[in-house]
Amino acid sequence: MFDRKLDTYLFEGAIIRAVFQFFSDHLCLPARWKTTLPKADLQWISKALFRWTKTGGVELVPEHLNKLWWYPPQPAVAVNNIPGVDRYFARPLFLWMPRKQWKVKLHCPNPACERELASAGINQKVRQVMDIDGYYNMACDNLECTKCKKRMLSWSHAILSQLDIGHRVQFPCILTAKHACDVKIVRLLRNRGLGNSCSQIRKKLEEQHGEKWLQNVLHYLTDCSGFSRAADSSLLDSPTFVEPPERPPLPRHRWLMQIYIQDVLYRLDEIKAGITSVFGRILKIDSTKKIVKKLAGPAAKTALWCTNVGNEHGQVLTSVMTTGEGYGLNAMLVGVINRYTKANVSSPDVLYTDRDCCGDSTYKQVLTRSTWNTVLRLDIWHFMRRIATGCTTESHQLYSSFMGLLSNCIFHWDEQDLSRLIKSKRKELAAQHLPIKADAEVMKHLSRYELALHCRRTTRGEAETTELLDKLINAFSGEKGRDTLGVPLLNKTRMDSIWKAAKKHIPCIQDPPGVSLYTRTGFTKKGDIELPNYRCARGSTSLECFHLHLNRFIPGNVKILMHLYSLKILQ
């Protein structure tokens, strides 16, 4: 009898020890978490978030839903035991369960269903998110529709779009099929430019990841070296240390471009609202071929021109792509007019364009049918470029002189602004011990930048401009228009036909009466005189700068389906 009880006790003790050993050797994690989590994060996440159930299963501790971010235990400052490699290379965990964490109601994205979603357990996959200097883990739960039984993840865009802005901004990344990117990197991608390309940002991320990984390796090896020296001094066997894990590679720079495009599409409503809320008193229309060269794939060669409408502040109201210059732009202009009408904003004073300014043009037809009292004007820079095509070559010795005199035939400086600037410059030169009394001598010391910043310009009028341009062309058509080798600047036959066609546009380049084209932006003190700083709203120079930005928007030879995304934005 006693032996039978002893055998029973021994058997039960063996079972208890076996069960205890089982739970000690096996990680308290969902099955697929053991394969999708990095090895260094298995132990601490198992102890921090999960517990065993009575049936031997794994469940998330309900009390642990009170926070989003979980951080691994850090290495001790004073190491008394052989250091474990996991503590040096463990990553944070972001736990995303909006339905359980905030008790929000989420609905099925299927329009035919729209029932409330219910929780369907934790997702069996953990994603790795790329951060500025490393990676972190991200987990979520499954949601299931109570009617159609469709399952979806709580980090899907259909679920995130249902959250209010306060909860939505707490989701830290953008997901793709294989990788995920933190929003801190996305913010770096938004300031696109020549020195801020995706390749350049990837190089910076590569440097940040490399330095952070190297710091962790040095920290780990330094702590291990103390135990190695202690073993050598006591003639004991050296302890075995685990090799540090390899640094995970970064995605290619083209993946960063996809992330940027996805971020733009997520903010599409905000971008459209921002674009359609822009108005202006002076509008400009200009076209370019630069950006259409970036089209690739099915969108290649589907457009030849990109046309933009801007205002006097350098803001862009709208952009469209067309198969020809001027083709289909009446619909674009009608859309801008409707925007002003719906917002109850008064019509702009001037509309500058690079073409279709005279006669029965498309723009005039649209403006005539509308309620706008807007003056249509030709951009003077384009007018000057048309006359410059009559020159034999731009590398001619007299080309720059001809273009400078051509500008003087169209504009003249405001007398009050010019006299104030000359007086200020004279005092400034006197302070530098260069006393000059004649205004002509002071003018030689004025730079073109100073004149444009502190002086306003106005057009000379139709009659005076025609007379001066006629004299200028006749002067350079003779012997005065030849260089030292006898090469003429102007091709007389071609220039005669150009000038005959350009004469009718002289009324189109005159400043409209009663419209202020200059804005005072501040003051600059020179020679004890305060000079006003002006910004000119005449012409389409700001749009030319925007076209340069568009061309650099996708640097290098990287090409994307820009046409398709532009169609989505315009819909």
# chains A, B, ... in the order shown; residues from 1 in each chain; ligands from 1
call {"tool": "select_by_dssp", "arguments": {"residues": "region 27-109 of chain A", "states": "strand (DSSP E or B)", "output": "PyMOL selection string"}}
result
chain A and resi 50-52+58-60+69-70+93-96+107
call {"tool": "write_last_selection", "arguments": {"atoms": "N, CA and C atoms", "output": "compact mmCIF listing (two decimals), in the first residue's frame"}}
result
# COMPACT_ATOMS: atom_id res chain seq x y z
N PHE A 50 2.21 38.41 -23.00
CA PHE A 50 1.37 37.22 -23.09
C PHE A 50 1.43 36.39 -21.82
N ARG A 51 0.45 35.49 -21.71
CA ARG A 51 0.40 34.54 -20.60
C ARG A 51 -0.26 33.26 -21.09
N TRP A 52 0.00 32.19 -20.36
CA TRP A 52 -0.58 30.89 -20.69
C TRP A 52 -2.01 30.81 -20.15
N VAL A 58 -2.24 30.51 -25.62
CA VAL A 58 -1.57 31.79 -25.40
C VAL A 58 -2.59 32.90 -25.56
N GLU A 59 -2.61 33.84 -24.64
CA GLU A 59 -3.51 34.98 -24.74
C GLU A 59 -2.77 36.25 -24.33
N LEU A 60 -3.24 37.37 -24.89
CA LEU A 60 -2.69 38.67 -24.55
C LEU A 60 -3.29 39.15 -23.23
N TRP A 69 3.01 51.66 -27.15
CA TRP A 69 4.42 51.34 -27.34
C TRP A 69 4.93 50.51 -26.17
N TRP A 70 5.69 49.46 -26.51
CA TRP A 70 6.35 48.60 -25.53
C TRP A 70 7.84 48.57 -25.86
N LEU A 93 8.15 47.50 -29.66
CA LEU A 93 6.96 46.91 -30.26
C LEU A 93 5.83 47.92 -30.21
N PHE A 94 5.16 48.12 -31.36
CA PHE A 94 3.98 48.97 -31.43
C PHE A 94 2.76 48.08 -31.55
N LEU A 95 1.86 48.16 -30.59
CA LEU A 95 0.66 47.31 -30.53
C LEU A 95 -0.54 48.15 -30.94
N TRP A 96 -1.16 47.80 -32.06
CA TRP A 96 -2.26 48.59 -32.64
C TRP A 96 -3.55 47.77 -32.61
N HIS A 107 -16.82 49.84 -38.80
CA HIS A 107 -17.83 49.22 -39.65
C HIS A 107 -17.17 48.58 -40.86
call {"tool": "select_by_dssp", "arguments": {"residues": "region 159-215 of chain A", "states": "alpha helix (DSSP H)", "output": "ChimeraX atom specification"}}
result
/A:159-160,165-168,183-190,198-215
call {"tool": "residues_around", "arguments": {"residues": "region 389-396 of chain A", "least_positions_apart": "4", "cutoff": "6 Å", "atoms": "only C-alpha atoms", "output": "ChimeraX atom specification"}}
result
/A:489-491,494-495
call {"tool": "residues_around", "arguments": {"residues": "region 453-466 of chain A", "least_positions_apart": "4", "cutoff": "7 Å", "atoms": "only C-alpha atoms", "output": "tab-separated table (two decimals) with N, CA and C atoms, in the first residue's frame"}}
result
chain	number	residue	atom	x	y	z
A	409	CYS	N	13.47	99.55	-74.21
A	409	CYS	CA	12.46	100.08	-75.12
A	409	CYS	C	11.05	99.81	-74.63
A	410	ILE	N	10.89	98.84	-73.75
A	410	ILE	CA	9.55	98.47	-73.26
A	410	ILE	C	9.28	99.10	-71.90
A	411	PHE	N	10.28	99.13	-71.02
A	411	PHE	CA	10.09	99.61	-69.65
A	411	PHE	C	10.86	100.91	-69.42
A	412	HIS	N	10.41	101.64	-68.40
A	412	HIS	CA	11.21	102.73	-67.86
A	412	HIS	C	11.00	102.74	-66.35
A	413	TRP	N	12.05	103.16	-65.62
A	413	TRP	CA	12.02	103.13	-64.16
A	413	TRP	C	11.18	104.27	-63.61
A	414	ASP	N	10.57	104.04	-62.47
A	414	ASP	CA	9.83	105.09	-61.78
A	414	ASP	C	10.82	106.16	-61.30
A	417	ASP	N	11.36	106.48	-57.35
A	417	ASP	CA	12.12	105.35	-56.79
A	417	ASP	C	13.58	105.41	-57.22
A	418	LEU	N	13.82	105.78	-58.49
A	418	LEU	CA	15.19	105.81	-58.98
A	418	LEU	C	15.98	106.94	-58.32
A	449	TYR	N	20.25	93.84	-59.44
A	449	TYR	CA	19.45	93.35	-58.32
A	449	TYR	C	18.92	94.52	-57.49
A	470	ASP	N	11.24	99.94	-83.24
A	470	ASP	CA	11.54	100.08	-84.67
A	470	ASP	C	12.93	100.67	-84.88
A	506	ILE	N	1.97	94.65	-79.36
A	506	ILE	CA	2.46	95.71	-78.49
A	506	ILE	C	1.37	96.23	-77.55
A	507	PRO	N	0.12	96.38	-77.99
A	507	PRO	CA	-0.93	96.76	-77.01
A	507	PRO	C	-1.13	95.71	-75.92
A	510	GLN	N	1.28	96.12	-72.68
A	510	GLN	CA	1.22	97.32	-71.86
A	510	GLN	C	0.56	97.01	-70.52
A	511	ASP	N	1.02	97.71	-69.47
A	511	ASP	CA	0.42	97.53	-68.15
A	511	ASP	C	-1.02	98.01	-68.16
A	531	LEU	N	14.86	102.34	-47.96
A	531	LEU	CA	14.39	102.05	-49.31
A	531	LEU	C	13.35	100.94	-49.24
A	532	PRO	N	12.19	101.13	-49.87
A	532	PRO	CA	11.18	100.07	-49.88
A	532	PRO	C	11.61	98.91	-50.79
A	533	ASN	N	11.27	97.69	-50.37
A	533	ASN	CA	11.52	96.50	-51.20
A	533	ASN	C	10.22	96.11	-51.91
A	534	TYR	N	10.33	95.88	-53.20
A	534	TYR	CA	9.15	95.58	-54.01
A	534	TYR	C	9.25	94.18	-54.60
call {"tool": "residues_around", "arguments": {"residues": "region 183-192 of chain A", "least_positions_apart": "4", "cutoff": "7 Å", "atoms": "only C-alpha atoms", "output": "PDB file with C-alpha atoms, in the first residue's frame"}}
result
ATOM      1  CA  ILE A 132      15.299  56.780 -38.860  1.00  0.00           C
ATOM      2  CA  PRO A 172       3.132  55.732 -36.966  1.00  0.00           C
ATOM      3  CA  CYS A 173       3.842  54.277 -40.415  1.00  0.00           C
ATOM      4  CA  ILE A 174       2.856  53.564 -44.014  1.00  0.00           C
ATOM      5  CA  ASN A 196      16.661  65.964 -51.278  1.00  0.00           C
ATOM      6  CA  SER A 197      16.114  63.063 -53.654  1.00  0.00           C
ATOM      7  CA  TYR A 260       6.004  59.130 -51.003  1.00  0.00           C
ATOM      8  CA  PHE A 553      10.631  66.795 -58.513  1.00  0.00           C
TER       9      PHE A 553
END
call {"tool": "residues_around", "arguments": {"residues": "region 116-130 of chain A", "least_positions_apart": "5", "cutoff": "7 Å", "atoms": "only C-alpha atoms", "output": "list in words"}}
result
Pro30, Arg32, Trp33, Thr36, Leu37, Lys105, Leu106, His107, Cys108, Tyr135, Tyr136, Asn137, Met138, Ala139, Cys140, Asp141, Asn142, Leu143, Glu144, Cys145, Thr146, His179, Ala180, Cys181 and Asp182 of chain A
call {"tool": "write_last_selection", "arguments": {"atoms": "N, CA and C atoms", "output": "PDB file, in the first residue's frame"}}
result
ATOM      1  N   PRO A  30       2.166  33.687 -29.871  1.00  0.00           N
ATOM      2  CA  PRO A  30       1.423  33.046 -30.962  1.00  0.00           C
ATOM      3  C   PRO A  30       2.366  32.318 -31.903  1.00  0.00           C
ATOM      4  N   ARG A  32       2.941  31.996 -35.204  1.00  0.00           N
ATOM      5  CA  ARG A  32       3.689  32.635 -36.289  1.00  0.00           C
ATOM      6  C   ARG A  32       4.519  33.820 -35.798  1.00  0.00           C
ATOM      7  N   TRP A  33       4.264  34.298 -34.588  1.00  0.00           N
ATOM      8  CA  TRP A  33       5.123  35.349 -34.048  1.00  0.00           C
ATOM      9  C   TRP A  33       6.545  34.847 -33.851  1.00  0.00           C
ATOM     10  N   THR A  36       8.127  35.382 -37.322  1.00  0.00           N
ATOM     11  CA  THR A  36       8.157  36.738 -37.898  1.00  0.00           C
ATOM     12  C   THR A  36       8.847  37.748 -36.998  1.00  0.00           C
ATOM     13  N   LEU A  37       9.004  37.449 -35.720  1.00  0.00           N
ATOM     14  CA  LEU A  37       9.738  38.338 -34.824  1.00  0.00           C
ATOM     15  C   LEU A  37      11.236  38.084 -34.913  1.00  0.00           C
ATOM     16  N   LYS A 105     -16.192  52.267 -32.515  1.00  0.00           N
ATOM     17  CA  LYS A 105     -17.009  51.420 -33.375  1.00  0.00           C
ATOM     18  C   LYS A 105     -16.488  51.494 -34.802  1.00  0.00           C
ATOM     19  N   LEU A 106     -16.168  50.348 -35.341  1.00  0.00           N
ATOM     20  CA  LEU A 106     -15.662  50.249 -36.702  1.00  0.00           C
ATOM     21  C   LEU A 106     -16.649  49.439 -37.533  1.00  0.00           C
ATOM     22  N   HIS A 107     -16.821  49.840 -38.796  1.00  0.00           N
ATOM     23  CA  HIS A 107     -17.830  49.224 -39.649  1.00  0.00           C
ATOM     24  C   HIS A 107     -17.168  48.579 -40.857  1.00  0.00           C
ATOM     25  N   CYS A 108     -17.857  47.640 -41.432  1.00  0.00           N
ATOM     26  CA  CYS A 108     -17.353  46.917 -42.604  1.00  0.00           C
ATOM     27  C   CYS A 108     -17.242  47.882 -43.781  1.00  0.00           C
ATOM     28  N   TYR A 135      14.945  49.656 -36.789  1.00  0.00           N
ATOM     29  CA  TYR A 135      13.642  49.067 -37.053  1.00  0.00           C
ATOM     30  C   TYR A 135      12.888  48.907 -35.736  1.00  0.00           C
ATOM     31  N   TYR A 136      11.575  48.797 -35.829  1.00  0.00           N
ATOM     32  CA  TYR A 136      10.766  48.387 -34.690  1.00  0.00           C
ATOM     33  C   TYR A 136       9.661  47.448 -35.176  1.00  0.00           C
ATOM     34  N   ASN A 137       9.099  46.660 -34.254  1.00  0.00           N
ATOM     35  CA  ASN A 137       8.066  45.687 -34.578  1.00  0.00           C
ATOM     36  C   ASN A 137       6.692  46.326 -34.443  1.00  0.00           C
ATOM     37  N   MET A 138       5.746  45.809 -35.215  1.00  0.00           N
ATOM     38  CA  MET A 138       4.380  46.306 -35.149  1.00  0.00           C
ATOM     39  C   MET A 138       3.413  45.138 -35.268  1.00  0.00           C
ATOM     40  N   ALA A 139       2.442  45.086 -34.365  1.00  0.00           N
ATOM     41  CA  ALA A 139       1.440  44.022 -34.357  1.00  0.00           C
ATOM     42  C   ALA A 139       0.051  44.639 -34.285  1.00  0.00           C
ATOM     43  N   CYS A 140      -0.935  43.890 -34.747  1.00  0.00           N
ATOM     44  CA  CYS A 140      -2.317  44.367 -34.735  1.00  0.00           C
ATOM     45  C   CYS A 140      -3.245  43.187 -34.497  1.00  0.00           C
ATOM     46  N   ASP A 141      -4.548  43.461 -34.449  1.00  0.00           N
ATOM     47  CA  ASP A 141      -5.534  42.396 -34.293  1.00  0.00           C
ATOM     48  C   ASP A 141      -6.364  42.264 -35.555  1.00  0.00           C
ATOM     49  N   ASN A 142      -7.090  41.155 -35.649  1.00  0.00           N
ATOM     50  CA  ASN A 142      -7.986  40.889 -36.772  1.00  0.00           C
ATOM     51  C   ASN A 142      -9.381  41.386 -36.431  1.00  0.00           C
ATOM     52  N   LEU A 143     -10.076  41.885 -37.434  1.00  0.00           N
ATOM     53  CA  LEU A 143     -11.462  42.322 -37.301  1.00  0.00           C
ATOM     54  C   LEU A 143     -12.322  41.539 -38.274  1.00  0.00           C
ATOM     55  N   GLU A 144     -13.529  41.215 -37.853  1.00  0.00           N
ATOM     56  CA  GLU A 144     -14.416  40.373 -38.663  1.00  0.00           C
ATOM     57  C   GLU A 144     -15.799  40.999 -38.704  1.00  0.00           C
ATOM     58  N   CYS A 145     -16.383  41.011 -39.893  1.00  0.00           N
ATOM     59  CA  CYS A 145     -17.734  41.530 -40.061  1.00  0.00           C
ATOM     60  C   CYS A 145     -18.740  40.498 -39.538  1.00  0.00           C
ATOM     61  N   THR A 146     -19.713  40.967 -38.774  1.00  0.00           N
ATOM     62  CA  THR A 146     -20.697  40.053 -38.195  1.00  0.00           C
ATOM     63  C   THR A 146     -21.713  39.552 -39.211  1.00  0.00           C
ATOM     64  N   HIS A 179       7.442  45.825 -47.050  1.00  0.00           N
ATOM     65  CA  HIS A 179       8.117  46.654 -46.067  1.00  0.00           C
ATOM     66  C   HIS A 179       7.134  47.665 -45.479  1.00  0.00           C
ATOM     67  N   ALA A 180       7.594  48.372 -44.459  1.00  0.00           N
ATOM     68  CA  ALA A 180       6.829  49.446 -43.836  1.00  0.00           C
ATOM     69  C   ALA A 180       7.784  50.577 -43.491  1.00  0.00           C
ATOM     70  N   CYS A 181       7.277  51.810 -43.541  1.00  0.00           N
ATOM     71  CA  CYS A 181       8.123  52.994 -43.348  1.00  0.00           C
ATOM     72  C   CYS A 181       7.490  53.910 -42.314  1.00  0.00           C
ATOM     73  N   ASP A 182       8.288  54.400 -41.389  1.00  0.00           N
ATOM     74  CA  ASP A 182       7.800  55.303 -40.363  1.00  0.00           C
ATOM     75  C   ASP A 182       7.519  56.687 -40.964  1.00  0.00           C
TER      76      ASP A 182
END
call {"tool": "residues_around", "arguments": {"residues": "Val278 (chain A)", "least_positions_apart": "2", "cutoff": "6 Å", "atoms": "only C-alpha atoms", "output": "PyMOL selection string"}}
result
chain A and resi 275-276+317
call {"tool": "atom_distance", "arguments": {"atom1": "CA of Trp305 (chain A)", "atom2": "CA of Trp499 (chain A)"}}
result
27.1 Å
call {"tool": "closest_atom_pairs", "arguments": {"of": "region 236-319 of chain A", "to": "region 325-344 of chain A", "cutoff": "9 Å", "atoms": "only C-alpha atoms", "output": "Markdown table"}}
result
| residue | atom | partner | partner_atom | distance |
| --- | --- | --- | --- | --- |
| A:Thr276 | CA | A:Arg339 | CA | 7.2 |
| A:Ser277 | CA | A:Arg339 | CA | 8.5 |
| A:Phe279 | CA | A:Tyr340 | CA | 7.5 |
| A:Ser287 | CA | A:Glu325 | CA | 7.3 |
| A:Thr288 | CA | A:Glu325 | CA | 8.9 |
| A:Leu304 | CA | A:Glu325 | CA | 7.7 |
| A:Trp305 | CA | A:Glu325 | CA | 6.0 |
| A:Cys306 | CA | A:Glu325 | CA | 8.5 |
| A:Thr307 | CA | A:Leu329 | CA | 8.2 |
| A:Val309 | CA | A:Leu333 | CA | 8.9 |
| A:Leu317 | CA | A:Val336 | CA | 7.9 |
| A:Thr318 | CA | A:Val336 | CA | 8.0 |
| A:Ser319 | CA | A:Met332 | CA | 8.6 |
call {"tool": "write_last_selection", "arguments": {"atoms": "N, CA and C atoms", "output": "CSV table (one decimal), in the first residue's frame"}}
result
chain,number,residue,atom,x,y,z
A,276,THR,N,-7.7,73.9,-54.2
A,276,THR,CA,-8.9,74.6,-54.6
A,276,THR,C,-9.3,75.8,-53.7
A,277,SER,N,-8.5,76.1,-52.7
A,277,SER,CA,-8.7,77.2,-51.8
A,277,SER,C,-7.8,78.4,-52.2
A,279,PHE,N,-6.6,81.4,-54.5
A,279,PHE,CA,-7.1,82.4,-55.4
A,279,PHE,C,-6.0,83.5,-55.7
A,287,SER,N,2.9,77.1,-70.0
A,287,SER,CA,3.1,75.7,-70.4
A,287,SER,C,4.5,75.3,-70.4
A,288,THR,N,4.8,74.0,-70.2
A,288,THR,CA,6.1,73.4,-70.3
A,288,THR,C,6.1,72.0,-70.8
A,304,LEU,N,1.9,66.0,-74.2
A,304,LEU,CA,3.0,66.8,-74.7
A,304,LEU,C,3.3,68.1,-73.9
A,305,TRP,N,2.3,68.6,-73.3
A,305,TRP,CA,2.4,69.8,-72.5
A,305,TRP,C,1.8,69.7,-71.1
A,306,CYS,N,2.4,70.4,-70.2
A,306,CYS,CA,1.9,70.6,-68.9
A,306,CYS,C,1.6,72.1,-68.6
A,307,THR,N,0.4,72.4,-68.4
A,307,THR,CA,0.0,73.8,-68.3
A,307,THR,C,-0.4,74.1,-66.8
A,309,VAL,N,-1.6,77.2,-63.8
A,309,VAL,CA,-2.1,78.5,-63.6
A,309,VAL,C,-1.6,79.0,-62.2
A,317,LEU,N,-2.7,77.4,-58.8
A,317,LEU,CA,-4.1,77.2,-58.7
A,317,LEU,C,-4.5,75.8,-59.3
A,318,THR,N,-3.9,75.4,-60.4
A,318,THR,CA,-4.2,74.2,-61.0
A,318,THR,C,-3.2,73.8,-62.0
A,319,SER,N,-3.1,72.5,-62.4
A,319,SER,CA,-2.2,72.0,-63.3
A,319,SER,C,-2.9,70.9,-64.2
call {"tool": "atom_distance", "arguments": {"atom1": "CA of Cys508 (chain A)", "atom2": "CA of Arg538 (chain A)"}}
result
12.7 Å
call {"tool": "closest_residue", "arguments": {"among": "A:Gly522, A:Gly314, A:Pro513, A:Pro239", "to": "Ala537 (chain A)", "atoms": "only C-alpha atoms"}}
result
A:Gly314
call {"tool": "closest_residue", "arguments": {"among": "A:Thr519, A:Thr322, A:Thr222, A:Ser370", "to": "Val85 (chain A)", "atoms": "only C-alpha atoms"}}
result
A:Thr222
call {"tool": "closest_residue", "arguments": {"among": "A:Leu351, A:Leu265, A:Ile380, A:Leu27", "to": "Leu367 (chain A)", "atoms": "only C-alpha atoms"}}
result
A:Leu351
call {"tool": "atom_distance", "arguments": {"atom1": "CA of Trp44 (chain A)", "atom2": "CA of Phe171 (chain A)"}}
result
23.0 Å
call {"tool": "closest_residue", "arguments": {"among": "A:Lys100, A:Leu65, A:Leu550, A:Asp86", "to": "Val217 (chain A)", "atoms": "only C-alpha atoms"}}
result
A:Asp86
